[in-house]
file coords-v1.pdb (PDB, C-alpha atoms and all ligand atoms)
MODEL        1
ATOM      1  CA  MET D   1     -10.347  26.394  15.337
ATOM      2  CA  VAL D   2      -9.572  23.126  17.076
ATOM      3  CA  LEU D   3      -6.797  20.756  16.083
ATOM      4  CA  ALA D   4      -9.133  18.421  14.215
ATOM      5  CA  ASP D   5     -10.302  21.342  12.064
ATOM      6  CA  LEU D   6      -6.704  22.177  11.244
ATOM      7  CA  GLY D   7      -6.222  18.652   9.929
ATOM      8  CA  ARG D   8      -9.414  18.827   7.906
ATOM      9  CA  ARG D   9      -8.464  22.174   6.363
ATOM     10  CA  ILE D  10      -4.999  21.024   5.377
ATOM     11  CA  ASN D  11      -6.446  17.825   3.927
ATOM     12  CA  ALA D  12      -9.020  19.760   1.968
ATOM     13  CA  ALA D  13      -6.367  22.120   0.594
ATOM     14  CA  VAL D  14      -4.210  19.192  -0.525
ATOM     15  CA  SER D  15      -7.216  17.342  -1.956
ATOM     16  CA  ASP D  16      -8.268  20.414  -3.943
ATOM     17  CA  VAL D  17      -4.918  20.667  -5.646
ATOM     18  CA  THR D  18      -4.391  16.956  -6.191
ATOM     19  CA  ARG D  19      -7.885  16.427  -7.550
ATOM     20  CA  SER D  20      -7.741  19.252 -10.061
ATOM     21  CA  SER D  21      -6.908  18.234 -13.612
ATOM     22  CA  VAL D  22      -4.069  20.741 -14.024
ATOM     23  CA  VAL D  23      -1.720  21.252 -11.115
ATOM     24  CA  ASP D  24      -0.206  24.574 -12.100
ATOM     25  CA  GLN D  25       1.639  27.155 -10.049
ATOM     26  CA  ASN D  26      -1.562  29.011  -9.234
ATOM     27  CA  ALA D  27      -3.144  25.910  -7.765
ATOM     28  CA  VAL D  28      -0.024  25.166  -5.698
ATOM     29  CA  ASP D  29       0.104  28.752  -4.446
ATOM     30  CA  ALA D  30      -3.546  28.623  -3.427
ATOM     31  CA  MET D  31      -2.874  25.431  -1.484
ATOM     32  CA  LEU D  32       0.161  26.932   0.240
ATOM     33  CA  LYS D  33      -1.863  29.976   1.199
ATOM     34  CA  GLU D  34      -4.696  27.928   2.641
ATOM     35  CA  ILE D  35      -2.350  25.661   4.625
ATOM     36  CA  SER D  36      -0.531  28.726   6.011
ATOM     37  CA  ASN D  37      -3.786  30.419   7.003
ATOM     38  CA  ALA D  38      -5.005  27.286   8.735
ATOM     39  CA  LEU D  39      -1.766  26.972  10.715
ATOM     40  CA  VAL D  40      -1.780  30.632  11.740
ATOM     41  CA  GLU D  41      -5.397  30.385  12.847
ATOM     42  CA  ALA D  42      -4.447  27.378  14.952
ATOM     43  CA  ASP D  43      -1.902  29.634  16.714
ATOM     44  CA  VAL D  44       1.267  28.284  15.140
ATOM     45  CA  ASN D  45       3.947  30.979  15.249
ATOM     46  CA  ILE D  46       3.894  33.051  12.062
ATOM     47  CA  LYS D  47       7.651  32.734  11.485
ATOM     48  CA  LEU D  48       7.387  28.942  11.610
ATOM     49  CA  VAL D  49       4.492  29.066   9.175
ATOM     50  CA  LEU D  50       6.399  31.275   6.717
ATOM     51  CA  ASN D  51       9.389  28.960   6.932
ATOM     52  CA  LEU D  52       7.205  25.915   6.328
ATOM     53  CA  ARG D  53       5.605  27.603   3.341
ATOM     54  CA  LYS D  54       8.974  28.484   1.808
ATOM     55  CA  LYS D  55      10.346  24.980   2.251
ATOM     56  CA  LEU D  56       7.184  23.371   0.978
ATOM     57  CA  LYS D  57       7.252  25.513  -2.136
ATOM     58  CA  ALA D  58      10.944  24.797  -2.740
ATOM     59  CA  THR D  59      10.452  21.028  -2.398
ATOM     60  CA  ILE D  60       7.474  20.983  -4.731
ATOM     61  CA  ASP D  61       9.352  23.124  -7.298
ATOM     62  CA  THR D  62      12.561  21.079  -7.271
ATOM     63  CA  GLU D  63      10.823  17.713  -7.336
ATOM     64  CA  ASP D  64       8.571  18.807 -10.156
ATOM     65  CA  LYS D  65      10.206  17.119 -13.137
ATOM     66  CA  PRO D  66       8.695  15.586 -16.249
ATOM     67  CA  GLY D  67       7.486  12.069 -15.624
ATOM     68  CA  VAL D  68       7.101  12.361 -11.854
ATOM     69  CA  ASN D  69       3.732  12.301 -10.157
ATOM     70  CA  LYS D  70       3.295  15.857  -8.916
ATOM     71  CA  LYS D  71       0.292  15.007  -6.789
ATOM     72  CA  LYS D  72       2.258  12.395  -4.846
ATOM     73  CA  ILE D  73       5.099  14.882  -4.359
ATOM     74  CA  ILE D  74       2.705  17.445  -2.935
ATOM     75  CA  GLN D  75       1.136  14.972  -0.508
ATOM     76  CA  LYS D  76       4.522  13.747   0.706
ATOM     77  CA  ALA D  77       5.976  17.254   1.008
ATOM     78  CA  VAL D  78       3.035  18.483   3.111
ATOM     79  CA  PHE D  79       3.281  15.444   5.372
ATOM     80  CA  ASP D  80       7.051  15.781   5.792
ATOM     81  CA  GLU D  81       6.956  19.496   6.539
ATOM     82  CA  LEU D  82       4.259  19.060   9.182
ATOM     83  CA  CYS D  83       6.384  16.333  10.807
ATOM     84  CA  GLU D  84       9.351  18.670  10.752
ATOM     85  CA  LEU D  85       7.288  21.244  12.644
ATOM     86  CA  VAL D  86       6.817  18.968  15.644
ATOM     87  CA  ASP D  87      10.049  17.019  15.375
ATOM     88  CA  CYS D  88      13.077  17.690  17.500
ATOM     89  CA  LYS D  89      15.592  15.423  15.879
ATOM     90  CA  ASP D  90      18.754  16.306  17.752
ATOM     91  CA  ALA D  91      17.156  15.899  21.171
ATOM     92  CA  GLN D  92      17.852  12.770  23.154
ATOM     93  CA  VAL D  93      14.889  10.671  24.131
ATOM     94  CA  PHE D  94      14.785   9.747  27.805
ATOM     95  CA  LYS D  95      14.811   6.019  28.395
ATOM     96  CA  PRO D  96      14.644   5.053  32.082
ATOM     97  CA  ARG D  97      16.634   1.989  33.062
ATOM     98  CA  LYS D  98      15.410  -0.748  35.309
ATOM     99  CA  LYS D  99      17.322  -1.677  38.481
ATOM    100  CA  GLN D 100      18.344   1.956  39.060
ATOM    101  CA  SER D 101      16.599   5.046  40.366
ATOM    102  CA  ASN D 102      15.414   7.418  37.654
ATOM    103  CA  VAL D 103      14.240  10.732  39.039
ATOM    104  CA  VAL D 104      11.677  12.552  36.916
ATOM    105  CA  MET D 105      10.801  16.104  37.931
ATOM    106  CA  PHE D 106       7.642  17.807  36.706
ATOM    107  CA  VAL D 107       7.336  21.542  36.192
ATOM    108  CA  GLY D 108       4.568  23.715  34.794
ATOM    109  CA  LEU D 109       1.982  26.287  35.739
ATOM    110  CA  GLN D 110      -0.868  25.473  38.058
ATOM    111  CA  GLY D 111      -3.830  24.123  36.174
ATOM    112  CA  ALA D 112      -1.721  22.806  33.299
ATOM    113  CA  GLY D 113      -2.454  19.258  34.404
ATOM    114  CA  LYS D 114       0.758  18.504  36.261
ATOM    115  CA  THR D 115      -0.528  16.340  39.087
ATOM    116  CA  THR D 116      -2.879  14.444  36.793
ATOM    117  CA  THR D 117      -0.035  13.844  34.332
ATOM    118  CA  CYS D 118       2.370  12.712  37.082
ATOM    119  CA  THR D 119      -0.104   9.977  37.917
ATOM    120  CA  LYS D 120      -0.638   9.097  34.272
ATOM    121  CA  LEU D 121       3.103   8.739  33.734
ATOM    122  CA  ALA D 122       3.488   6.754  36.948
ATOM    123  CA  VAL D 123       0.844   4.315  35.724
ATOM    124  CA  TYR D 124       2.438   4.207  32.275
ATOM    125  CA  TYR D 125       5.762   3.063  33.731
ATOM    126  CA  GLN D 126       4.206   0.801  36.339
ATOM    127  CA  ARG D 127       2.437  -1.075  33.563
ATOM    128  CA  ARG D 128       5.813  -1.549  31.935
ATOM    129  CA  GLY D 129       7.169  -3.261  35.016
ATOM    130  CA  PHE D 130       8.915  -0.367  36.785
ATOM    131  CA  LYS D 131       8.671   0.174  40.511
ATOM    132  CA  VAL D 132       7.227   3.705  40.657
ATOM    133  CA  GLY D 133       6.735   6.264  43.435
ATOM    134  CA  MET D 134       5.422   9.820  43.490
ATOM    135  CA  VAL D 135       6.602  12.748  45.617
ATOM    136  CA  CYS D 136       4.528  15.860  46.268
ATOM    137  CA  ALA D 137       6.926  18.810  46.519
ATOM    138  CA  ASP D 138       4.171  21.413  46.331
ATOM    139  CA  THR D 139       3.910  22.861  49.815
ATOM    140  CA  PHE D 140       2.591  26.184  48.536
ATOM    141  CA  ARG D 141      -0.917  25.199  47.552
ATOM    142  CA  ALA D 142      -3.052  23.854  50.335
ATOM    143  CA  GLY D 143      -4.606  20.663  49.122
ATOM    144  CA  ALA D 144      -1.824  19.803  46.659
ATOM    145  CA  PHE D 145      -0.646  16.848  48.729
ATOM    146  CA  ASP D 146      -4.204  15.590  49.197
ATOM    147  CA  GLN D 147      -4.765  15.733  45.455
ATOM    148  CA  LEU D 148      -1.607  13.756  44.700
ATOM    149  CA  LYS D 149      -2.421  11.320  47.471
ATOM    150  CA  GLN D 150      -5.893  10.760  46.085
ATOM    151  CA  ASN D 151      -4.630  10.238  42.546
ATOM    152  CA  ALA D 152      -1.829   7.948  43.695
ATOM    153  CA  THR D 153      -4.111   5.885  45.902
ATOM    154  CA  LYS D 154      -6.593   5.411  43.083
ATOM    155  CA  ALA D 155      -3.815   4.296  40.777
ATOM    156  CA  LYS D 156      -2.149   2.192  43.503
ATOM    157  CA  ILE D 157       1.132   4.113  43.309
ATOM    158  CA  PRO D 158       3.189   4.622  46.489
ATOM    159  CA  TYR D 159       3.529   8.302  47.364
ATOM    160  CA  TYR D 160       5.409  10.650  49.662
ATOM    161  CA  GLY D 161       4.528  14.086  51.016
ATOM    162  CA  SER D 162       4.140  16.077  54.204
ATOM    163  CA  TYR D 163       1.374  18.032  55.899
ATOM    164  CA  THR D 164       3.781  19.750  58.277
ATOM    165  CA  GLU D 165       7.028  20.447  56.421
ATOM    166  CA  ALA D 166       6.808  23.820  54.651
ATOM    167  CA  ASP D 167      10.077  23.614  52.734
ATOM    168  CA  PRO D 168       9.410  22.027  49.327
ATOM    169  CA  VAL D 169      13.125  21.389  48.766
ATOM    170  CA  LYS D 170      13.312  19.309  51.933
ATOM    171  CA  VAL D 171      10.161  17.353  51.104
ATOM    172  CA  ALA D 172      11.438  16.656  47.578
ATOM    173  CA  PHE D 173      14.837  15.581  48.841
ATOM    174  CA  ASP D 174      13.464  13.380  51.624
ATOM    175  CA  GLY D 175      10.938  11.731  49.315
ATOM    176  CA  VAL D 176      13.498  10.956  46.654
ATOM    177  CA  GLU D 177      15.971   9.619  49.248
ATOM    178  CA  LYS D 178      13.323   7.388  50.789
ATOM    179  CA  PHE D 179      12.300   5.914  47.443
ATOM    180  CA  LYS D 180      15.921   5.508  46.369
ATOM    181  CA  LYS D 181      16.684   3.552  49.541
ATOM    182  CA  GLU D 182      13.701   1.343  48.794
ATOM    183  CA  LYS D 183      15.025   0.716  45.295
ATOM    184  CA  PHE D 184      12.256   2.472  43.418
ATOM    185  CA  GLU D 185      13.086   2.690  39.728
ATOM    186  CA  ILE D 186      11.005   5.725  38.721
ATOM    187  CA  ILE D 187      10.599   8.535  41.229
ATOM    188  CA  ILE D 188       8.270  11.263  40.007
ATOM    189  CA  VAL D 189       8.524  14.641  41.728
ATOM    190  CA  ASP D 190       5.543  16.973  41.377
ATOM    191  CA  THR D 191       6.397  20.629  42.021
ATOM    192  CA  SER D 192       4.393  23.749  42.662
ATOM    193  CA  GLY D 193       2.878  25.627  39.736
ATOM    194  CA  ARG D 194       2.157  28.882  41.471
ATOM    195  CA  HIS D 195       3.738  31.301  43.939
ATOM    196  CA  ARG D 196       3.252  34.786  45.231
ATOM    197  CA  GLN D 197       5.610  35.876  42.481
ATOM    198  CA  GLU D 198       6.784  34.121  39.375
ATOM    199  CA  LYS D 199      10.407  34.754  40.374
ATOM    200  CA  GLU D 200       9.898  32.747  43.536
ATOM    201  CA  LEU D 201       8.398  29.875  41.600
ATOM    202  CA  PHE D 202      11.406  29.675  39.309
ATOM    203  CA  ALA D 203      13.865  30.005  42.203
ATOM    204  CA  GLU D 204      12.114  27.135  43.974
ATOM    205  CA  MET D 205      12.259  24.980  40.873
ATOM    206  CA  ILE D 206      16.003  25.524  40.572
ATOM    207  CA  GLN D 207      16.527  24.604  44.224
ATOM    208  CA  ILE D 208      14.431  21.448  43.971
ATOM    209  CA  GLY D 209      16.320  20.504  40.820
ATOM    210  CA  GLU D 210      19.632  20.917  42.609
ATOM    211  CA  ALA D 211      18.420  18.818  45.538
ATOM    212  CA  VAL D 212      16.943  15.863  43.649
ATOM    213  CA  LYS D 213      19.173  15.946  40.538
ATOM    214  CA  PRO D 214      16.555  14.732  38.082
ATOM    215  CA  ASN D 215      17.487  12.388  35.251
ATOM    216  CA  GLN D 216      14.651  13.948  33.337
ATOM    217  CA  THR D 217      12.694  17.178  33.777
ATOM    218  CA  ILE D 218       9.347  17.381  32.061
ATOM    219  CA  MET D 219       7.349  20.526  31.458
ATOM    220  CA  VAL D 220       3.596  20.083  31.405
ATOM    221  CA  LEU D 221       1.982  22.463  28.967
ATOM    222  CA  ASP D 222      -1.718  23.049  28.475
ATOM    223  CA  ALA D 223      -2.272  22.782  24.720
ATOM    224  CA  SER D 224      -5.327  24.991  24.867
ATOM    225  CA  ILE D 225      -3.547  28.181  25.935
ATOM    226  CA  GLY D 226      -2.655  29.193  22.383
ATOM    227  CA  GLN D 227       0.078  31.713  21.668
ATOM    228  CA  ALA D 228       0.981  32.098  25.355
ATOM    229  CA  ALA D 229       2.536  28.625  25.272
ATOM    230  CA  GLU D 230       5.649  29.871  23.593
ATOM    231  CA  ALA D 231       6.610  32.555  26.112
ATOM    232  CA  GLN D 232       5.649  30.324  29.008
ATOM    233  CA  SER D 233       7.791  27.435  27.880
ATOM    234  CA  LYS D 234      10.752  29.729  27.175
ATOM    235  CA  ALA D 235      10.591  31.094  30.733
ATOM    236  CA  PHE D 236      10.463  27.593  32.197
ATOM    237  CA  LYS D 237      13.269  26.426  29.938
ATOM    238  CA  GLU D 238      15.574  29.103  31.302
ATOM    239  CA  SER D 239      15.137  28.040  34.900
ATOM    240  CA  SER D 240      14.478  24.319  34.719
ATOM    241  CA  ASN D 241      16.067  23.344  31.407
ATOM    242  CA  PHE D 242      13.448  20.651  30.934
ATOM    243  CA  GLY D 243      14.252  17.893  28.471
ATOM    244  CA  ALA D 244      10.751  16.954  27.403
ATOM    245  CA  ILE D 245       7.283  18.395  27.091
ATOM    246  CA  ILE D 246       3.963  16.748  27.805
ATOM    247  CA  LEU D 247       1.082  18.508  26.104
ATOM    248  CA  THR D 248      -2.143  18.159  28.008
ATOM    249  CA  LYS D 249      -5.760  18.667  27.024
ATOM    250  CA  MET D 250      -5.174  17.669  23.440
ATOM    251  CA  ASP D 251      -8.725  16.384  23.531
ATOM    252  CA  GLY D 252     -11.454  18.984  23.654
ATOM    253  CA  HIS D 253     -10.878  22.379  22.157
ATOM    254  CA  ALA D 254      -7.118  22.607  21.974
ATOM    255  CA  LYS D 255      -5.856  24.470  18.949
ATOM    256  CA  GLY D 256      -2.479  22.966  19.644
ATOM    257  CA  GLY D 257      -0.589  25.397  17.433
ATOM    258  CA  GLY D 258       0.864  27.450  20.276
ATOM    259  CA  ALA D 259       2.156  24.330  21.917
ATOM    260  CA  ILE D 260       3.648  23.140  18.650
ATOM    261  CA  SER D 261       5.464  26.468  18.441
ATOM    262  CA  ALA D 262       6.765  25.909  21.972
ATOM    263  CA  VAL D 263       8.568  22.802  20.762
ATOM    264  CA  ALA D 264      10.409  24.832  18.162
ATOM    265  CA  ALA D 265      11.100  27.744  20.537
ATOM    266  CA  THR D 266      12.694  25.537  23.193
ATOM    267  CA  HIS D 267      14.144  22.822  20.933
ATOM    268  CA  THR D 268      12.530  20.286  23.199
ATOM    269  CA  PRO D 269      10.645  17.209  22.091
ATOM    270  CA  ILE D 270       7.107  16.324  23.047
ATOM    271  CA  ALA D 271       7.279  13.017  24.897
ATOM    272  CA  PHE D 272       3.586  12.374  25.486
ATOM    273  CA  ILE D 273       0.223  13.967  24.965
ATOM    274  CA  GLY D 274      -2.640  13.988  27.439
ATOM    275  CA  THR D 275      -5.957  13.223  25.824
ATOM    276  CA  GLY D 276      -8.399  13.245  28.719
ATOM    277  CA  GLU D 277      -8.913  13.385  32.458
ATOM    278  CA  HIS D 278      -8.552   9.666  33.075
ATOM    279  CA  ILE D 279      -5.386   7.917  34.165
ATOM    280  CA  GLN D 280      -5.026   6.008  30.920
ATOM    281  CA  ASP D 281      -5.436   9.104  28.728
ATOM    282  CA  LEU D 282      -1.759   9.449  27.884
ATOM    283  CA  GLU D 283      -0.266   8.694  24.490
ATOM    284  CA  SER D 284       3.398   8.571  23.611
ATOM    285  CA  PHE D 285       4.187  11.088  20.940
ATOM    286  CA  THR D 286       5.895  10.470  17.647
ATOM    287  CA  PRO D 287       5.822  13.185  14.985
ATOM    288  CA  ARG D 288       4.820  10.906  12.082
ATOM    289  CA  GLN D 289       2.041   9.267  14.035
ATOM    290  CA  PHE D 290       0.771  12.646  15.234
ATOM    291  CA  VAL D 291       0.676  14.109  11.731
ATOM    292  CA  SER D 292      -0.939  10.952  10.315
ATOM    293  CA  LYS D 293      -3.649  11.257  12.897
ATOM    294  CA  LEU D 294      -4.012  15.005  12.349
ATOM    295  CA  LEU D 295      -4.565  14.461   8.661
ATOM    296  CA  GLY D 296      -6.846  11.504   9.353
TER     297      GLY D 296
HETATM  298  P1  LIG U 301      -1.978  21.064  38.049
HETATM  299  O1  LIG U 301      -2.472  22.258  38.794
HETATM  300  O2  LIG U 301      -1.033  21.448  36.953
HETATM  301  O3  LIG U 301      -1.434  19.993  38.925
HETATM  302  O4  LIG U 301      -3.250  20.500  37.257
HETATM  303  P2  LIG U 301      -4.213  19.269  37.595
HETATM  304  O5  LIG U 301      -3.513  17.981  37.407
HETATM  305  O6  LIG U 301      -4.886  19.520  38.885
HETATM  306  O7  LIG U 301      -5.244  19.421  36.382
HETATM  307  C1  LIG U 301      -6.055  20.551  36.185
HETATM  308  C2  LIG U 301      -7.332  20.120  35.469
HETATM  309  O8  LIG U 301      -7.021  19.697  34.139
HETATM  310  C3  LIG U 301      -8.023  18.942  36.127
HETATM  311  O9  LIG U 301      -9.400  19.155  36.089
HETATM  312  C4  LIG U 301      -7.632  17.741  35.242
HETATM  313  O10 LIG U 301      -8.591  16.715  35.278
HETATM  314  C5  LIG U 301      -7.562  18.401  33.889
HETATM  315  N1  LIG U 301      -6.697  17.702  32.941
HETATM  316  C6  LIG U 301      -5.394  17.334  33.083
HETATM  317  N2  LIG U 301      -4.926  16.737  31.964
HETATM  318  C7  LIG U 301      -5.956  16.725  31.056
HETATM  319  C8  LIG U 301      -6.103  16.257  29.702
HETATM  320  O11 LIG U 301      -5.181  15.735  29.053
HETATM  321  N3  LIG U 301      -7.331  16.436  29.138
HETATM  322  C9  LIG U 301      -8.371  17.032  29.809
HETATM  323  N4  LIG U 301      -9.524  17.166  29.173
HETATM  324  N5  LIG U 301      -8.256  17.490  31.064
HETATM  325  C10 LIG U 301      -7.066  17.341  31.688
ENDMDL
END
call {"tool": "encode", "arguments": {"input": "coords-v1.pdb", "output": "structure tokens"}}
result
Amino acid sequence: MVLADLGRRINAAVSDVTRSSVVDQNAVDAMLKEISNALVEADVNIKLVLNLRKKLKATIDTEDKPGVNKKKIIQKAVFDELCELVDCKDAQVFKPRKKQSNVVMFVGLQGAGKTTTCTKLAVYYQRRGFKVGMVCADTFRAGAFDQLKQNATKAKIPYYGSYTEADPVKVAFDGVEKFKKEKFEIIIVDTSGRHRQEKELFAEMIQIGEAVKPNQTIMVLDASIGQAAEAQSKAFKESSNFGAIILTKMDGHAKGGGAISAVAATHTPIAFIGTGEHIQDLESFTPRQFVSKLLG
């Protein structure tokens, strides 16, 4: 079930109950069951779904007083609870400042869409008047620098990397220093997403983080990987303590539920979503807007 189907199913469940002439407990329970099933089938963590169901039921029960419009209460409660699922209220939103160097480090598994998203974010900030540069700190994968170079050239973003230096920490450090000296305002560091062993990948990430001292670390997460998203993001959180998530591949066949669960598991907000392969396919994420769109 893709994300759009999830929205349609939830909408249909709400419509069924709000259109019926008598909104009794049985009708509400049937709606809650259908919404829960839809969320579970979209890979949202079962515990989160049970919690949502409990809260939804409690809100509908307490608000249900004589004279109030029960159908409106149900619609609002469903909307609010879905927002809650993807909201990370206590987290600080990163706001880069002009006239200073903001270092943004990207982490995530190979294939998640890291390099593509680095370029998208670079373009996003460049369009908002920032002086932006990109650094390729992936010396593990042959061709990584060429890919970043190609993307950056196409988007007209200055870049830094090396064909000869094998130490990713040195390349990251040198690139960031160079751009800092040249008064770049956003310096995006792309890191490796694969190693011989996972342990090595995480160790490298920690070292690069210590060398470039990022103002913001972003984890790129493929929204189509389902339940695996949660464990993956937890492992990355432990070593890179990222402060924001960018969900990629939200177009196409992403169920999205696993990624939504990753937000809750790591208490980290989604900053943007990737909605295609092109440079402009990046949308800033706000819970209310996302849920509005989901429900059509
Ligand atoms: P990396 O290995 O994490 O750096 O991943 P890449 O940036 O090379 O991306 C892997 C593949 O995913 C490429 O074919 C990208 O075009 C594609 N991709 C990245 N982001 C998106 C997205 O938001 N939507 C879609 N449909 N494809 C994406």
call {"tool": "residues_near_ligand", "arguments": {"input": "coords-v1.pdb", "ligand": "ligand LIG 301 (chain U)", "cutoff": "9 Å", "atoms": "all atoms listed in the file", "output": "ChimeraX atom specification"}}
result
/D:107-119,144,147-148,190-194,220-223,247-253,273-278,281-282
call {"tool": "closest_atom_pairs", "arguments": {"input": "coords-v1.pdb", "of": "region 146-208 of chain D", "to": "region 228-243 of chain D", "cutoff": "10 Å", "atoms": "all atoms listed in the file", "output": "CSV"}}
result
residue,atom,partner,partner_atom,distance
D:Glu198,CA,D:Ala235,CA,9.9
D:Lys199,CA,D:Ser239,CA,9.9
D:Leu201,CA,D:Ser239,CA,9.7
D:Phe202,CA,D:Ser239,CA,6.0
D:Ala203,CA,D:Ser239,CA,7.7
D:Glu204,CA,D:Ser239,CA,9.6
D:Met205,CA,D:Ser240,CA,6.6
D:Ile206,CA,D:Ser240,CA,6.2
D:Gln207,CA,D:Ser240,CA,9.7
D:Ile208,CA,D:Ser240,CA,9.7
call {"tool": "atom_distance", "arguments": {"input": "coords-v1.pdb", "atom1": "CA of Asp87 (chain D)", "atom2": "CA of Val28 (chain D)"}}
result
24.7 Å
call {"tool": "residues_near_point", "arguments": {"input": "coords-v1.pdb", "point": "(6.3, 21.8, 18.9)", "cutoff": "10 Å", "atoms": "only C-alpha atoms", "output": "count of residues only"}}
result
26
call {"tool": "atom_distance", "arguments": {"input": "coords-v1.pdb", "atom1": "CA of Gln75 (chain D)", "atom2": "CA of Gly7 (chain D)"}}
result
13.3 Å
call {"tool": "residues_around", "arguments": {"input": "coords-v1.pdb", "residues": "Ile35 (chain D)", "least_positions_apart": "3", "cutoff": "9 Å", "atoms": "all atoms listed in the file", "output": "list in words"}}
result
Leu6, Arg9, Ile10, Asn11, Ala13, Val14, Ala30, Met31, Leu32, Ala38, Leu39, Val40, Val49 and Arg53 of chain D
call {"tool": "residues_around", "arguments": {"input": "coords-v1.pdb", "residues": "Asn102 (chain D)", "least_positions_apart": "5", "cutoff": "10 Å", "atoms": "all atoms listed in the file", "output": "CSV table (one decimal) with C-alpha atoms, keeping the file's coordinate frame"}}
result
chain,number,residue,atom,x,y,z
D,95,LYS,CA,14.8,6.0,28.4
D,96,PRO,CA,14.6,5.1,32.1
D,97,ARG,CA,16.6,2.0,33.1
D,132,VAL,CA,7.2,3.7,40.7
D,176,VAL,CA,13.5,11.0,46.7
D,180,LYS,CA,15.9,5.5,46.4
D,184,PHE,CA,12.3,2.5,43.4
D,185,GLU,CA,13.1,2.7,39.7
D,186,ILE,CA,11.0,5.7,38.7
D,187,ILE,CA,10.6,8.5,41.2
D,188,ILE,CA,8.3,11.3,40.0
D,213,LYS,CA,19.2,15.9,40.5
D,214,PRO,CA,16.6,14.7,38.1
D,215,ASN,CA,17.5,12.4,35.3
D,216,GLN,CA,14.7,13.9,33.3
call {"tool": "resolve_selection", "arguments": {"input": "coords-v1.pdb", "expression": "the PyMOL selection byres (((chain D and resi 123) around 10) and not hetatm)", "output": "list in words"}}
result
Thr117, Cys118, Thr119, Lys120, Leu121, Ala122, Tyr124, Tyr125, Gln126, Arg127, Arg128, Gly129, Phe130, Val132, Gly133, Ala152, Ala155, Lys156, Ile157, Ile279, Gln280 and Leu282 of chain D
call {"tool": "atom_distance", "arguments": {"input": "coords-v1.pdb", "atom1": "CA of Val291 (chain D)", "atom2": "CA of Glu81 (chain D)"}}
result
9.8 Å
call {"tool": "residues_around", "arguments": {"input": "coords-v1.pdb", "residues": "Pro168 (chain D)", "least_positions_apart": "2", "cutoff": "8 Å", "atoms": "all atoms listed in the file", "output": "list in words"}}
result
Ala137, Asp138, Thr139, Glu165, Ala166, Lys170, Val171, Ala172, Glu204 and Ile208 of chain D
call {"tool": "write_last_selection", "arguments": {"input": "coords-v1.pdb", "atoms": "C-alpha atoms", "output": "compact mmCIF listing (two decimals), keeping the file's coordinate frame"}}
result
# COMPACT_ATOMS: atom_id res chain seq x y z
CA ALA D 137 6.93 18.81 46.52
CA ASP D 138 4.17 21.41 46.33
CA THR D 139 3.91 22.86 49.82
CA GLU D 165 7.03 20.45 56.42
CA ALA D 166 6.81 23.82 54.65
CA LYS D 170 13.31 19.31 51.93
CA VAL D 171 10.16 17.35 51.10
CA ALA D 172 11.44 16.66 47.58
CA GLU D 204 12.11 27.14 43.97
CA ILE D 208 14.43 21.45 43.97
call {"tool": "closest_residue", "arguments": {"input": "coords-v1.pdb", "among": "D:Arg288, D:Phe173, D:Lys70, D:Gly209", "to": "Val22 (chain D)", "atoms": "only C-alpha atoms"}}
result
D:Lys70
call {"tool": "closest_residue", "arguments": {"input": "coords-v1.pdb", "among": "D:Ala244, D:Ile73, D:Asp167, D:Asp16", "to": "Thr217 (chain D)", "atoms": "only C-alpha atoms"}}
result
D:Ala244
call {"tool": "closest_residue", "arguments": {"input": "coords-v1.pdb", "among": "D:Val2, D:Met105, D:Leu52, D:Ile74", "to": "Thr18 (chain D)", "atoms": "only C-alpha atoms"}}
result
D:Ile74
call {"tool": "closest_residue", "arguments": {"input": "coords-v1.pdb", "among": "D:Val135, D:Leu56, D:Ser162, D:Leu294", "to": "Gly175 (chain D)", "atoms": "all atoms listed in the file"}}
result
D:Val135
call {"tool": "closest_residue", "arguments": {"input": "coords-v1.pdb", "among": "D:Ala4, D:Ala77, D:Leu48, D:Ala42", "to": "Glu63 (chain D)", "atoms": "all atoms listed in the file"}}
result
D:Ala77
call {"tool": "decode", "arguments": {"input": "coords-v1.pdb", "residues": "region 90-95 of chain D", "atoms": "N, CA, C and O atoms", "output": "short mmCIF file (atom, residue, chain, number, x, y, z; two decimals), in the first residue's frame"}}
result
data_model
loop_
_atom_site.label_atom_id
_atom_site.label_comp_id
_atom_site.auth_asym_id
_atom_site.auth_seq_id
_atom_site.Cartn_x
_atom_site.Cartn_y
_atom_site.Cartn_z
N ASP D 90 9.43 19.22 20.44
CA ASP D 90 10.49 19.78 21.29
C ASP D 90 11.81 19.97 20.54
O ASP D 90 12.74 20.58 21.04
N ALA D 91 11.86 19.47 19.30
CA ALA D 91 13.13 19.58 18.57
C ALA D 91 13.31 20.98 17.98
O ALA D 91 12.35 21.61 17.56
N GLN D 92 14.54 21.42 18.00
CA GLN D 92 14.84 22.74 17.45
C GLN D 92 14.98 22.66 15.94
O GLN D 92 15.61 21.75 15.42
N VAL D 93 14.42 23.63 15.26
CA VAL D 93 14.54 23.65 13.81
C VAL D 93 15.81 24.42 13.45
O VAL D 93 16.06 25.51 13.97
N PHE D 94 16.58 23.84 12.56
CA PHE D 94 17.84 24.47 12.14
C PHE D 94 17.57 25.63 11.19
O PHE D 94 16.86 25.49 10.20
N LYS D 95 18.11 26.78 11.57
CA LYS D 95 17.96 27.96 10.71
C LYS D 95 19.34 28.53 10.43
O LYS D 95 19.92 29.20 11.27
#
